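*Asks:* So that you have it, the file is my_file18.csv, and it contains CSV, C-alpha atoms:
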chain,number,residue,atom,x,y,z
A,1,MET,CA,-25.6,-11.6,13.9
A,2,SER,CA,-22.7,-13.2,15.7
A,3,ASN,CA,-19.3,-12.0,14.8
A,4,ASN,CA,-17.8,-15.1,16.3
A,5,ARG,CA,-16.4,-13.4,19.4
A,6,SER,CA,-17.9,-16.4,21.2
A,7,ILE,CA,-15.9,-19.0,19.3
A,8,GLY,CA,-13.7,-19.7,22.3
A,9,LYS,CA,-11.1,-18.4,24.6
A,10,ALA,CA,-9.4,-15.2,23.3
A,11,LEU,CA,-5.9,-16.0,22.1
A,12,ASN,CA,-2.7,-14.0,22.7
A,13,ARG,CA,-1.1,-12.1,19.8
A,14,THR,CA,2.5,-12.3,21.3
A,15,ALA,CA,2.3,-16.1,21.6
A,16,LEU,CA,0.8,-16.6,18.2
A,17,THR,CA,3.2,-14.3,16.4
A,18,ARG,CA,6.1,-16.2,18.0
A,19,LEU,CA,4.5,-19.5,16.8
A,20,LEU,CA,4.0,-18.1,13.3
A,21,VAL,CA,7.6,-16.9,13.1
A,22,GLN,CA,8.9,-20.3,14.4
A,23,LYS,CA,7.0,-22.1,11.6
A,24,LEU,CA,8.3,-20.0,8.7
A,25,ARG,CA,10.6,-22.2,6.5
A,26,HIS,CA,10.8,-20.4,3.2
A,27,ASP,CA,12.0,-16.9,4.0
A,28,GLU,CA,8.5,-15.6,3.8
A,29,ALA,CA,8.1,-11.8,3.9
A,30,VAL,CA,6.2,-10.6,6.9
A,31,ILE,CA,4.7,-7.0,7.0
A,32,GLY,CA,3.9,-5.9,10.6
A,33,GLY,CA,1.2,-3.3,10.8
A,34,ILE,CA,1.4,-0.2,12.9
A,35,GLY,CA,1.7,-0.6,16.7
A,36,ASN,CA,1.2,-3.9,18.5
A,37,SER,CA,1.3,-6.0,15.3
A,38,ASN,CA,4.8,-5.0,14.5
A,39,PHE,CA,5.9,-4.8,18.1
A,40,ASP,CA,5.1,-8.5,18.6
A,41,LEU,CA,6.7,-9.3,15.3
A,42,PHE,CA,9.9,-7.7,16.4
A,43,ALA,CA,9.6,-9.4,19.9
A,44,ALA,CA,9.4,-12.8,18.1
A,45,GLY,CA,12.9,-12.3,16.9
A,46,HIS,CA,14.1,-10.1,14.1
A,47,ARG,CA,14.3,-11.7,10.7
A,48,ALA,CA,15.8,-10.2,7.5
A,49,GLN,CA,12.4,-10.6,5.7
A,50,ASN,CA,10.4,-8.5,8.3
A,51,PHE,CA,9.1,-5.1,7.5
A,52,TYR,CA,7.9,-2.9,10.4
A,53,MET,CA,5.5,0.0,9.9
A,54,LEU,CA,6.0,3.0,12.1
A,55,GLY,CA,3.0,4.9,10.7
A,56,SER,CA,0.7,4.8,7.7
A,57,MET,CA,-2.1,3.0,9.7
A,58,GLY,CA,-4.1,0.7,7.5
A,59,LEU,CA,-1.5,0.1,4.8
A,60,ALA,CA,0.0,-3.3,5.9
A,61,CYS,CA,-2.1,-5.2,3.4
A,62,PRO,CA,-1.5,-2.8,0.5
A,63,ILE,CA,2.3,-3.0,1.2
A,64,ALA,CA,2.1,-6.8,1.4
A,65,LEU,CA,0.2,-6.9,-1.9
A,66,GLY,CA,3.0,-4.9,-3.6
A,67,VAL,CA,5.6,-7.4,-2.2
A,68,ALA,CA,3.5,-10.3,-3.3
A,69,LEU,CA,3.2,-8.9,-6.9
A,70,ALA,CA,6.9,-8.2,-7.1
A,71,GLN,CA,8.0,-11.6,-5.9
A,72,PRO,CA,5.2,-14.1,-6.8
A,73,GLU,CA,7.3,-17.1,-5.7
A,74,ARG,CA,7.7,-15.9,-2.1
A,75,GLY,CA,5.0,-16.2,0.5
A,76,VAL,CA,3.9,-12.9,2.0
A,77,ILE,CA,2.1,-12.4,5.2
A,78,ALA,CA,0.5,-9.2,6.5
A,79,LEU,CA,-0.1,-8.8,10.2
A,80,GLU,CA,-2.8,-6.2,10.8
A,81,GLY,CA,-5.0,-5.1,13.7
A,82,ASP,CA,-8.8,-4.9,13.6
A,83,GLY,CA,-8.7,-1.1,14.0
A,84,SER,CA,-6.1,-0.8,11.2
A,85,ILE,CA,-8.0,-2.9,8.8
A,86,LEU,CA,-11.2,-1.0,9.5
A,87,MET,CA,-9.4,2.2,8.4
A,88,GLY,CA,-8.9,0.8,4.9
A,89,LEU,CA,-11.4,-2.0,4.2
A,90,GLY,CA,-11.2,-1.1,0.5
A,91,CYS,CA,-7.9,-2.9,0.2
A,92,LEU,CA,-9.7,-6.2,0.7
A,93,ALA,CA,-11.7,-5.6,-2.5
A,94,THR,CA,-8.5,-4.7,-4.3
A,95,ILE,CA,-6.7,-7.9,-3.1
A,96,ALA,CA,-9.8,-10.0,-4.0
A,97,ASN,CA,-9.7,-8.4,-7.5
A,98,VAL,CA,-5.9,-8.9,-8.0
A,99,LYS,CA,-5.9,-12.5,-6.5
A,100,PRO,CA,-2.3,-12.8,-5.3
A,101,ARG,CA,-2.0,-16.5,-4.6
A,102,ASN,CA,1.0,-15.9,-2.3
A,103,LEU,CA,-0.6,-13.4,0.1
A,104,THR,CA,-2.0,-14.3,3.6
A,105,ILE,CA,-3.6,-11.7,5.8
A,106,ILE,CA,-3.8,-12.3,9.6
A,107,VAL,CA,-6.1,-9.9,11.4
A,108,TRP,CA,-5.6,-9.7,15.2
A,109,ASP,CA,-9.1,-8.8,16.5
A,110,ASN,CA,-9.4,-7.6,20.1
A,111,GLY,CA,-12.4,-5.4,19.4
A,112,ILE,CA,-10.6,-2.4,20.8
A,113,TYR,CA,-8.1,0.2,19.8
A,114,GLN,CA,-5.7,-1.2,22.4
A,115,ILE,CA,-2.8,1.1,22.0
A,116,THR,CA,-4.7,4.4,22.3
A,117,GLY,CA,-6.5,3.4,25.5
A,118,LYS,CA,-8.7,0.4,24.8
A,119,GLN,CA,-11.5,2.3,23.1
A,120,ARG,CA,-14.1,0.0,21.7
A,121,ALA,CA,-14.0,-0.7,17.9
A,122,ALA,CA,-16.8,-1.6,15.6
A,123,THR,CA,-15.4,-5.2,15.6
A,124,ALA,CA,-16.4,-5.5,19.3
A,125,ASP,CA,-20.0,-6.1,18.3
A,126,ALA,CA,-21.2,-5.0,14.9
A,127,THR,CA,-18.6,-5.9,12.4
A,128,ASP,CA,-17.3,-9.4,11.4
A,129,ILE,CA,-14.0,-8.9,9.6
A,130,VAL,CA,-14.1,-12.4,8.1
A,131,ALA,CA,-17.6,-11.8,6.7
A,132,VAL,CA,-16.4,-8.5,5.4
A,133,ALA,CA,-13.4,-10.2,3.7
A,134,ARG,CA,-15.7,-12.8,2.2
A,135,GLY,CA,-18.0,-10.2,1.0
A,136,ALA,CA,-15.1,-8.3,-0.6
A,137,GLY,CA,-14.3,-11.4,-2.5
A,138,ILE,CA,-11.6,-13.2,-0.5
A,139,ALA,CA,-13.4,-16.5,-0.4
A,140,ASN,CA,-10.7,-18.2,1.6
A,141,SER,CA,-11.4,-16.2,4.8
A,142,GLU,CA,-12.0,-17.9,8.2
A,143,TRP,CA,-12.0,-17.4,11.9
A,144,VAL,CA,-9.3,-19.2,13.8
A,145,ARG,CA,-10.9,-21.4,16.5
A,146,ASP,CA,-8.0,-22.0,18.9
A,147,GLU,CA,-4.2,-22.3,19.0
A,148,ALA,CA,-4.2,-25.7,17.5
A,149,HIS,CA,-6.3,-24.5,14.6
A,150,PHE,CA,-4.0,-21.6,14.1
A,151,GLU,CA,-1.0,-23.9,14.1
A,152,LYS,CA,-2.7,-26.1,11.5
A,153,LEU,CA,-3.6,-23.1,9.3
A,154,ILE,CA,-0.1,-21.7,9.3
A,155,GLY,CA,1.5,-25.1,8.7
A,156,ARG,CA,0.8,-24.8,4.9
A,157,ARG,CA,3.2,-23.3,2.3
A,158,PHE,CA,2.5,-19.6,2.0
A,159,GLU,CA,3.4,-19.1,-1.6
A,160,GLU,CA,0.2,-20.6,-2.9
A,161,GLY,CA,-3.5,-21.1,-2.1
A,162,GLY,CA,-4.1,-17.4,-1.5
A,163,PRO,CA,-5.3,-14.9,-1.1
A,164,VAL,CA,-6.2,-16.1,2.4
A,165,LEU,CA,-7.5,-14.1,5.4
A,166,LEU,CA,-7.4,-15.5,8.9
A,167,GLY,CA,-9.3,-13.6,11.7
A,168,VAL,CA,-8.0,-14.3,15.2
A,169,LYS,CA,-9.9,-13.2,18.3
A,170,ILE,CA,-7.3,-12.0,20.8
A,171,ASP,CA,-7.1,-10.7,24.3
A,172,ASP,CA,-6.5,-7.1,25.2
A,173,GLN,CA,-2.8,-7.4,26.1
A,174,PRO,CA,-0.3,-4.9,24.6
A,175,GLY,CA,2.6,-6.0,22.3
A,176,LYS,CA,5.8,-7.1,24.1
A,177,GLY,CA,8.5,-5.6,22.0
A,178,GLN,CA,9.6,-2.1,20.9
A,179,THR,CA,10.7,-1.9,17.3
A,180,PRO,CA,13.7,0.5,16.8
A,181,ARG,CA,12.3,3.7,15.1
A,182,ASP,CA,14.7,3.9,12.2
A,183,PRO,CA,12.7,3.7,9.0
A,184,ALA,CA,15.5,4.0,6.6
A,185,LEU,CA,17.4,1.1,8.3
A,186,ILE,CA,14.2,-1.0,8.4
A,187,ARG,CA,13.7,-0.4,4.6
A,188,SER,CA,17.3,-1.1,3.8
A,189,ARG,CA,17.5,-4.4,5.8
A,190,PHE,CA,14.1,-5.5,4.4
A,191,MET,CA,15.4,-5.0,0.9
A,192,LYS,CA,18.5,-6.9,1.7
A,193,GLY,CA,16.4,-9.7,3.1
A,194,LEU,CA,14.3,-9.8,-0.1
A,195,GLY,CA,17.4,-9.8,-2.4
A,196,SER,CA,16.5,-6.4,-3.9
A,197,SER,CA,19.0,-4.1,-2.2
A,198,ARG,CA,21.4,-2.0,-4.3
A,199,SER,CA,23.6,-1.6,-1.3
A,200,ALA,CA,23.8,-5.1,0.1
A,201,ALA,CA,27.6,-5.0,0.0
A,202,LEU,CA,27.6,-2.3,2.7
A,203,GLU,CA,25.5,-4.5,5.0
A,204,SER,CA,27.6,-7.7,5.3
B,1,MET,CA,2.5,10.2,-30.5
B,2,SER,CA,0.0,11.6,-28.0
B,3,TRP,CA,1.2,13.0,-24.7
B,4,SER,CA,-0.1,9.9,-23.0
B,5,ASP,CA,1.7,7.5,-25.3
B,6,THR,CA,4.9,9.5,-24.8
B,7,PHE,CA,4.4,9.4,-21.1
B,8,LEU,CA,3.9,5.6,-21.0
B,9,ALA,CA,7.0,5.1,-23.2
B,10,LEU,CA,9.0,7.1,-20.6
B,11,LEU,CA,7.8,4.9,-17.8
B,12,LYS,CA,8.7,1.8,-19.8
B,13,GLU,CA,12.2,3.1,-20.5
B,14,ASN,CA,12.7,3.4,-16.8
B,15,ASP,CA,11.4,-0.1,-16.0
B,16,ILE,CA,8.3,1.1,-14.3
B,17,ARG,CA,5.7,-1.7,-14.7
B,18,LEU,CA,3.3,-1.7,-11.7
B,19,ILE,CA,0.7,1.0,-12.0
B,20,GLY,CA,-1.5,1.7,-9.0
B,21,TYR,CA,-4.4,4.0,-9.8
B,22,VAL,CA,-7.8,5.4,-8.9
B,23,PRO,CA,-9.7,6.2,-12.1
B,24,ASP,CA,-10.0,9.7,-13.4
B,25,ASN,CA,-11.3,11.3,-16.5
B,26,VAL,CA,-8.0,13.1,-17.6
B,27,LEU,CA,-6.0,10.0,-16.7
B,28,THR,CA,-8.1,7.8,-19.0
B,29,PRO,CA,-5.7,7.6,-21.9
B,30,LEU,CA,-2.9,6.6,-19.5
B,31,ILE,CA,-5.0,4.0,-17.7
B,32,GLU,CA,-6.3,2.6,-21.0
B,33,GLY,CA,-2.7,2.5,-22.4
B,34,VAL,CA,-1.6,0.6,-19.3
B,35,GLY,CA,-4.4,-1.9,-19.7
B,36,ALA,CA,-3.7,-2.4,-23.4
B,37,ASP,CA,0.0,-3.2,-22.9
B,38,ASN,CA,1.1,-6.5,-21.3
B,39,TYR,CA,4.3,-4.9,-20.1
B,40,PHE,CA,2.3,-3.0,-17.4
B,41,MET,CA,0.7,-4.5,-14.3
B,42,PRO,CA,-2.3,-2.4,-13.4
B,43,VAL,CA,-3.7,-2.4,-9.9
B,44,ASN,CA,-7.0,-0.5,-9.5
B,45,ALA,CA,-6.9,0.7,-5.9
B,46,THR,CA,-9.9,1.9,-4.0
B,47,ARG,CA,-8.0,4.8,-2.5
B,48,GLU,CA,-4.8,6.6,-3.4
B,49,ASP,CA,-3.0,5.9,-0.1
B,50,GLU,CA,-3.7,2.2,-0.7
B,51,ALA,CA,-2.0,2.5,-4.1
B,52,ILE,CA,1.0,4.1,-2.4
B,53,GLY,CA,1.3,1.2,0.0
B,54,THR,CA,1.3,-1.3,-2.8
B,55,ILE,CA,3.9,0.6,-5.0
B,56,THR,CA,6.1,1.0,-1.8
B,57,GLY,CA,5.9,-2.7,-1.1
B,58,ALA,CA,6.7,-3.6,-4.7
B,59,TYR,CA,9.7,-1.2,-4.8
B,60,MET,CA,11.2,-2.8,-1.7
B,61,ALA,CA,10.8,-6.2,-3.4
B,62,GLY,CA,12.5,-5.1,-6.6
B,63,LEU,CA,9.6,-4.1,-8.8
B,64,ARG,CA,9.3,-0.4,-9.9
B,65,GLY,CA,5.9,1.3,-10.0
B,66,ALA,CA,4.0,4.6,-10.2
B,67,VAL,CA,0.8,5.9,-8.7
B,68,MET,CA,-1.8,7.8,-10.9
B,69,MET,CA,-4.4,10.0,-9.2
B,70,GLN,CA,-6.2,13.2,-9.6
B,71,THR,CA,-5.7,16.3,-7.4
B,72,SER,CA,-8.4,15.4,-4.9
B,73,GLY,CA,-6.9,12.0,-4.5
B,74,PHE,CA,-3.6,13.6,-3.6
B,75,ALA,CA,-5.3,15.3,-0.7
B,76,LEU,CA,-5.9,11.8,0.8
B,77,ILE,CA,-2.3,10.8,1.0
B,78,ALA,CA,-0.5,13.3,3.2
B,79,ASN,CA,-0.1,10.7,6.0
B,80,ALA,CA,1.2,8.0,3.7
B,81,LEU,CA,3.8,10.4,2.4
B,82,ALA,CA,4.8,11.7,5.8
B,83,SER,CA,4.9,8.4,7.6
B,84,LEU,CA,5.9,5.9,4.9
B,85,VAL,CA,7.3,7.3,1.7
B,86,VAL,CA,9.5,10.1,3.0
B,87,PRO,CA,10.9,8.6,6.2
B,88,TYR,CA,11.5,5.2,4.6
B,89,GLN,CA,13.2,6.9,1.6
B,90,ILE,CA,10.9,5.4,-1.1
B,91,PRO,CA,11.4,6.7,-4.7
B,92,LEU,CA,7.7,6.9,-5.3
B,93,VAL,CA,6.7,8.2,-8.8
B,94,MET,CA,3.4,10.1,-8.6
B,95,VAL,CA,1.4,11.2,-11.6
B,96,ILE,CA,-1.3,13.7,-10.7
B,97,SER,CA,-3.9,15.0,-13.2
B,98,GLU,CA,-4.5,18.6,-12.2
B,99,ARG,CA,-8.0,19.7,-11.5
B,100,GLY,CA,-9.2,22.8,-9.8
B,101,THR,CA,-7.7,25.3,-12.3
B,102,MET,CA,-8.2,26.6,-15.8
B,103,GLY,CA,-11.8,25.8,-16.2
B,104,GLU,CA,-12.9,24.0,-13.1
B,105,PHE,CA,-16.7,23.7,-12.5
B,106,ASN,CA,-16.6,21.9,-9.1
B,107,ILE,CA,-15.9,24.2,-6.1
B,108,GLY,CA,-14.6,21.3,-4.1
B,109,GLN,CA,-12.0,20.6,-6.7
B,110,SER,CA,-10.9,24.2,-6.9
B,111,LEU,CA,-10.5,24.4,-3.1
B,112,VAL,CA,-8.7,21.1,-2.6
B,113,ALA,CA,-6.3,21.8,-5.5
B,114,ARG,CA,-4.8,24.6,-3.4
B,115,THR,CA,-3.5,22.1,-0.8
B,116,MET,CA,-1.5,20.1,-3.3
B,117,ARG,CA,1.7,22.1,-3.9
B,118,PRO,CA,2.0,23.4,-0.3
B,119,THR,CA,1.8,19.8,0.9
B,120,LEU,CA,4.5,18.7,-1.6
B,121,GLU,CA,6.7,21.6,-0.6
B,122,THR,CA,6.2,21.2,3.2
B,123,LEU,CA,7.3,17.6,2.8
B,124,GLY,CA,10.2,18.6,0.6
B,125,ILE,CA,9.0,16.4,-2.3
B,126,THR,CA,10.3,17.3,-5.7
B,127,HIS,CA,7.5,18.2,-8.1
B,128,HIS,CA,7.3,19.3,-11.7
B,129,THR,CA,4.3,20.6,-13.5
B,130,LEU,CA,4.1,19.3,-17.1
B,131,ASN,CA,2.7,22.0,-19.4
B,132,ASP,CA,3.7,20.9,-22.8
B,133,GLU,CA,4.8,17.8,-24.8
B,134,ALA,CA,8.1,19.4,-25.9
B,135,ASN,CA,9.6,19.5,-22.4
B,136,MET,CA,7.9,16.5,-21.0
B,137,PRO,CA,10.4,13.7,-22.1
B,138,PHE,CA,13.4,15.5,-20.6
B,139,ILE,CA,11.7,16.4,-17.3
B,140,VAL,CA,10.1,13.0,-16.8
B,141,ASP,CA,13.0,10.8,-17.8
B,142,SER,CA,15.6,12.7,-15.8
B,143,SER,CA,13.5,13.1,-12.7
B,144,ILE,CA,12.5,9.4,-12.6
B,145,LYS,CA,16.2,8.6,-12.8
B,146,GLN,CA,17.0,11.1,-10.1
B,147,ALA,CA,14.2,9.7,-7.8
B,148,TYR,CA,15.7,6.2,-7.9
B,149,ALA,CA,19.3,7.4,-7.7
B,150,THR,CA,18.6,9.5,-4.6
B,151,GLN,CA,15.8,7.3,-3.1
B,152,ALA,CA,13.4,10.2,-3.0
B,153,PRO,CA,9.8,10.6,-4.3
B,154,VAL,CA,8.8,12.7,-7.2
B,155,ALA,CA,5.5,14.1,-8.4
B,156,PHE,CA,4.5,15.0,-12.0
B,157,ILE,CA,1.5,17.3,-12.1
B,158,LEU,CA,-0.3,17.0,-15.5
B,159,SER,CA,-1.5,20.6,-16.3
B,160,PRO,CA,-4.6,21.2,-18.4
B,161,LEU,CA,-2.2,22.9,-20.8
B,162,LEU,CA,-0.8,19.4,-21.5
B,163,THR,CA,-3.9,17.3,-21.2
B,164,GLY,CA,-6.6,19.6,-22.4
B,165,GLY,CA,-8.2,19.4,-19.0
B,166,ASN,CA,-11.3,17.5,-18.0
B,167,PRO,CA,-13.6,16.9,-21.0
B,168,ALA,CA,-16.6,17.2,-18.8
B,169,ALA,CA,-15.8,20.9,-18.1
B,170,LYS,CA,-16.7,21.9,-21.7
B,171,VAL,CA,-20.3,21.0,-21.1
B,172,LYS,CA,-20.6,22.0,-17.5
B,173,LEU,CA,-19.1,25.5,-17.8
B,174,LYS,CA,-21.6,26.4,-20.6
B,175,ILE,CA,-24.0,28.4,-18.5
Output the file's structure as structure tokens, nothing else.

*Replies:*
Amino acid sequence: MSNNRSIGKALNRTALTRLLVQKLRHDEAVIGGIGNSNFDLFAAGHRAQNFYMLGSMGLACPIALGVALAQPERGVIALEGDGSILMGLGCLATIANVKPRNLTIIVWDNGIYQITGKQRAATADATDIVAVARGAGIANSEWVRDEAHFEKLIGRRFEEGGPVLLGVKIDDQPGKGQTPRDPALIRSRFMKGLGSSRSAALES
Amino acid sequence: MSWSDTFLALLKENDIRLIGYVPDNVLTPLIEGVGADNYFMPVNATREDEAIGTITGAYMAGLRGAVMMQTSGFALIANALASLVVPYQIPLVMVISERGTMGEFNIGQSLVARTMRPTLETLGITHHTLNDEANMPFIVDSSIKQAYATQAPVAFILSPLLTGGNPAAKVKLKI
């Protein structure tokens, strides 16, 4: 069975993350998964509605689900790597069951654990994440064919039509940024960005 | 009121609506109570760390929640606590039904239960064991308020003394 690795030229996470951030128009919340997913989110230019994970591998989608349930009128986007999503595939079933219409998951799939030394992942050959997501019950799951297709798919409004999962075959390049490792500050600024801070007056 | 009705009323009084859980025998009256009351938003997670991620995300977006799990589920969440909840200062409310003690029939449960309190203490997480209905309202209400005021997690361990323990044990220990 093909896992669609042959769908075309591998895309670049840094470039596509930048494109995604440029297209956001409605203060969408973006949850950057551990490692390269959040490094490239930070490199694309910090936004008040970005959350950067510095650990807890595999929890980008569950965190995004919580944000989506708390603020159903806001679009929420989870950026997760293939190794990370493999660590917690069960969350796809949970999300399919809860059906948050404002949640979009983007899985950057390079078929390797890039950050730990490019070890091969199950996604290199055996496992098709889009097929897994469909099987879990996220019917609106598809592979991105090329950059133009990605741009078209992210041109929609994110607060409806979900849950959506987009699989993107990417190259083996590392992330370009380095998110400051200050979890309390990341949480505090994110809450201010979402209008839920108790301490916003201290952060003018 | 039963202990579970009292407990749910305490969650409500503290604006806790989103309940992430993995099913458990002892937790059944809590989970059924959550499902029967439109105030609550239940999320049936496939793993306990997943529920912690969801409750964390919801808190940051302005919705309060709690995670319900059994002792063995707690053993799955050390990394989520150490790399998400504690460093990001999340007032996570954990409700843990205690297995592995006072009539356990499963050796795995009795062993994994020993890791729970040491893990909580190593991470500096406040925890209270709820033994009886009389003390429960004060402990739960004041500790939830403290968790949000100080942006720190709290764990409530539901002792068999409170819940009556796992109903399956009554049959399985009769040998």

*Asks:* Using all atoms listed in the file, which chain B residues lie at most 7 Å away from chain A, written as a ChimeraX atom specification?

*Replies:* /B:44-46,50,53-58,60-63,79-80,83-84,87-89

*Asks:* Grab the residues selected above and save them as a PDB file, in the coordinates of the input with C-alpha atoms.

*Replies:*
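Listing of selection00.pdb after writing:
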ATOM      1  CA  ASN B  44      -7.000  -0.500  -9.500  1.00  0.00           C
ATOM      2  CA  ALA B  45      -6.900   0.700  -5.900  1.00  0.00           C
ATOM      3  CA  THR B  46      -9.900   1.900  -4.000  1.00  0.00           C
ATOM      4  CA  GLU B  50      -3.700   2.200  -0.700  1.00  0.00           C
ATOM      5  CA  GLY B  53       1.300   1.200   0.000  1.00  0.00           C
ATOM      6  CA  THR B  54       1.300  -1.300  -2.800  1.00  0.00           C
ATOM      7  CA  ILE B  55       3.900   0.600  -5.000  1.00  0.00           C
ATOM      8  CA  THR B  56       6.100   1.000  -1.800  1.00  0.00           C
ATOM      9  CA  GLY B  57       5.900  -2.700  -1.100  1.00  0.00           C
ATOM     10  CA  ALA B  58       6.700  -3.600  -4.700  1.00  0.00           C
ATOM     11  CA  MET B  60      11.200  -2.800  -1.700  1.00  0.00           C
ATOM     12  CA  ALA B  61      10.800  -6.200  -3.400  1.00  0.00           C
ATOM     13  CA  GLY B  62      12.500  -5.100  -6.600  1.00  0.00           C
ATOM     14  CA  LEU B  63       9.600  -4.100  -8.800  1.00  0.00           C
ATOM     15  CA  ASN B  79      -0.100  10.700   6.000  1.00  0.00           C
ATOM     16  CA  ALA B  80       1.200   8.000   3.700  1.00  0.00           C
ATOM     17  CA  SER B  83       4.900   8.400   7.600  1.00  0.00           C
ATOM     18  CA  LEU B  84       5.900   5.900   4.900  1.00  0.00           C
ATOM     19  CA  PRO B  87      10.900   8.600   6.200  1.00  0.00           C
ATOM     20  CA  TYR B  88      11.500   5.200   4.600  1.00  0.00           C
ATOM     21  CA  GLN B  89      13.200   6.900   1.600  1.00  0.00           C
TER      22      GLN B  89
END

*Asks:* Got a sec: who's within 12 Å of B:Val171, counting all atoms listed in the file, leaving out chain neighbours fewer than 4 positions off, as an mmCIF file with C-alpha atoms, in the frame of the given file?

*Replies:*
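See around_39.cif below for the written result:
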data_model
loop_
_atom_site.group_PDB
_atom_site.id
_atom_site.type_symbol
_atom_site.label_atom_id
_atom_site.label_comp_id
_atom_site.auth_asym_id
_atom_site.auth_seq_id
_atom_site.Cartn_x
_atom_site.Cartn_y
_atom_site.Cartn_z
ATOM 1 C CA GLY B 103 -11.800 25.800 -16.200
ATOM 2 C CA GLU B 104 -12.900 24.000 -13.100
ATOM 3 C CA PHE B 105 -16.700 23.700 -12.500
ATOM 4 C CA ASN B 166 -11.300 17.500 -18.000
ATOM 5 C CA PRO B 167 -13.600 16.900 -21.000
ATOM 6 C CA ILE B 175 -24.000 28.400 -18.500
#

*Asks:* As a VMD selection string, please: the residues near A:Gly167 (cut-off 7 Å, all atoms listed in the file, same-chain neighbours under 5 positions excluded).

*Replies:* chain A and resid 106 to 109 129 to 130 142 to 144

*Asks:* Which residues come within 8 Å of B:Pro137, counting all atoms listed in the file, excluding same-chain residues fewer than 6 positions away, as a ChimeraX atom specification?

*Replies:* /B:6-7,10

*Asks:* Is there a way to get, as a PDB file with C-alpha atoms, in the coordinates of the input, all residues within 12 Å of the point (-11.6, -16.9, 17.2) in file coordinates, counting all atoms listed in the file?

*Replies:*
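As written to disk, part_32.pdb reads:
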ATOM      1  CA  SER A   2     -22.700 -13.200  15.700  1.00  0.00           C
ATOM      2  CA  ASN A   3     -19.300 -12.000  14.800  1.00  0.00           C
ATOM      3  CA  ASN A   4     -17.800 -15.100  16.300  1.00  0.00           C
ATOM      4  CA  ARG A   5     -16.400 -13.400  19.400  1.00  0.00           C
ATOM      5  CA  SER A   6     -17.900 -16.400  21.200  1.00  0.00           C
ATOM      6  CA  ILE A   7     -15.900 -19.000  19.300  1.00  0.00           C
ATOM      7  CA  GLY A   8     -13.700 -19.700  22.300  1.00  0.00           C
ATOM      8  CA  LYS A   9     -11.100 -18.400  24.600  1.00  0.00           C
ATOM      9  CA  ALA A  10      -9.400 -15.200  23.300  1.00  0.00           C
ATOM     10  CA  LEU A  11      -5.900 -16.000  22.100  1.00  0.00           C
ATOM     11  CA  ASN A  12      -2.700 -14.000  22.700  1.00  0.00           C
ATOM     12  CA  ARG A  13      -1.100 -12.100  19.800  1.00  0.00           C
ATOM     13  CA  ILE A 106      -3.800 -12.300   9.600  1.00  0.00           C
ATOM     14  CA  VAL A 107      -6.100  -9.900  11.400  1.00  0.00           C
ATOM     15  CA  TRP A 108      -5.600  -9.700  15.200  1.00  0.00           C
ATOM     16  CA  ASP A 109      -9.100  -8.800  16.500  1.00  0.00           C
ATOM     17  CA  ASN A 110      -9.400  -7.600  20.100  1.00  0.00           C
ATOM     18  CA  GLY A 111     -12.400  -5.400  19.400  1.00  0.00           C
ATOM     19  CA  ASP A 128     -17.300  -9.400  11.400  1.00  0.00           C
ATOM     20  CA  ILE A 129     -14.000  -8.900   9.600  1.00  0.00           C
ATOM     21  CA  VAL A 130     -14.100 -12.400   8.100  1.00  0.00           C
ATOM     22  CA  GLU A 142     -12.000 -17.900   8.200  1.00  0.00           C
ATOM     23  CA  TRP A 143     -12.000 -17.400  11.900  1.00  0.00           C
ATOM     24  CA  VAL A 144      -9.300 -19.200  13.800  1.00  0.00           C
ATOM     25  CA  ARG A 145     -10.900 -21.400  16.500  1.00  0.00           C
ATOM     26  CA  ASP A 146      -8.000 -22.000  18.900  1.00  0.00           C
ATOM     27  CA  GLU A 147      -4.200 -22.300  19.000  1.00  0.00           C
ATOM     28  CA  ALA A 148      -4.200 -25.700  17.500  1.00  0.00           C
ATOM     29  CA  HIS A 149      -6.300 -24.500  14.600  1.00  0.00           C
ATOM     30  CA  PHE A 150      -4.000 -21.600  14.100  1.00  0.00           C
ATOM     31  CA  LEU A 166      -7.400 -15.500   8.900  1.00  0.00           C
ATOM     32  CA  GLY A 167      -9.300 -13.600  11.700  1.00  0.00           C
ATOM     33  CA  VAL A 168      -8.000 -14.300  15.200  1.00  0.00           C
ATOM     34  CA  LYS A 169      -9.900 -13.200  18.300  1.00  0.00           C
ATOM     35  CA  ILE A 170      -7.300 -12.000  20.800  1.00  0.00           C
ATOM     36  CA  ASP A 171      -7.100 -10.700  24.300  1.00  0.00           C
TER      37      ASP A 171
END

*Asks:* Which is closer to A:Arg157 than all the others in A:Met87, A:Ala15, A:Leu103, A:Ala200, using only C-alpha atoms?

*Replies:*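 Of A:Met87, A:Ala15, A:Leu103, A:Ala200, the one nearest A:Arg157, counting only C-alpha atoms, is A:Leu103.
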
*Asks:* For B:Phe156, find every residue with an atom within 12 Å (counting all atoms listed in the file), except residues of its own chain fewer than 2 positions away, and show them as a VMD selection string.

*Replies:* chain B and resid 7 66 to 71 74 92 to 98 116 to 117 120 125 to 131 136 to 137 139 to 144 147 153 to 154 158 to 159 162

*Asks:* Find the distance between atom CA of A:Gly162 and atom CA of B:Tyr59 and write it in Å to one decimal.

*Replies:*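 Taking atom CA of A:Gly162 and atom CA of B:Tyr59, their separation equals 21.5 Å.
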
*Asks:* Please measure the separation of atom CA of B:Lys12 and atom CA of A:Val76, giving the value in Å to one decimal.

*Replies:* 26.7 Å

*Asks:* Nearest residue to B:Met1 out of B:Ala169, B:Ile157, B:Ala134, B:Val26, using all atoms listed in the file?

*Replies:*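 Answer, going by the shortest atom-to-atom distance: B:Ala134.
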
*Asks:* Hey, which of A:Glu80, A:Asp172, A:Asp40, A:Glu203 ends up closest to A:Lys118? Count only C-alpha atoms.

*Replies:*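 Ranking A:Glu80, A:Asp172, A:Asp40, A:Glu203 by distance to A:Lys118, first place goes to A:Asp172.
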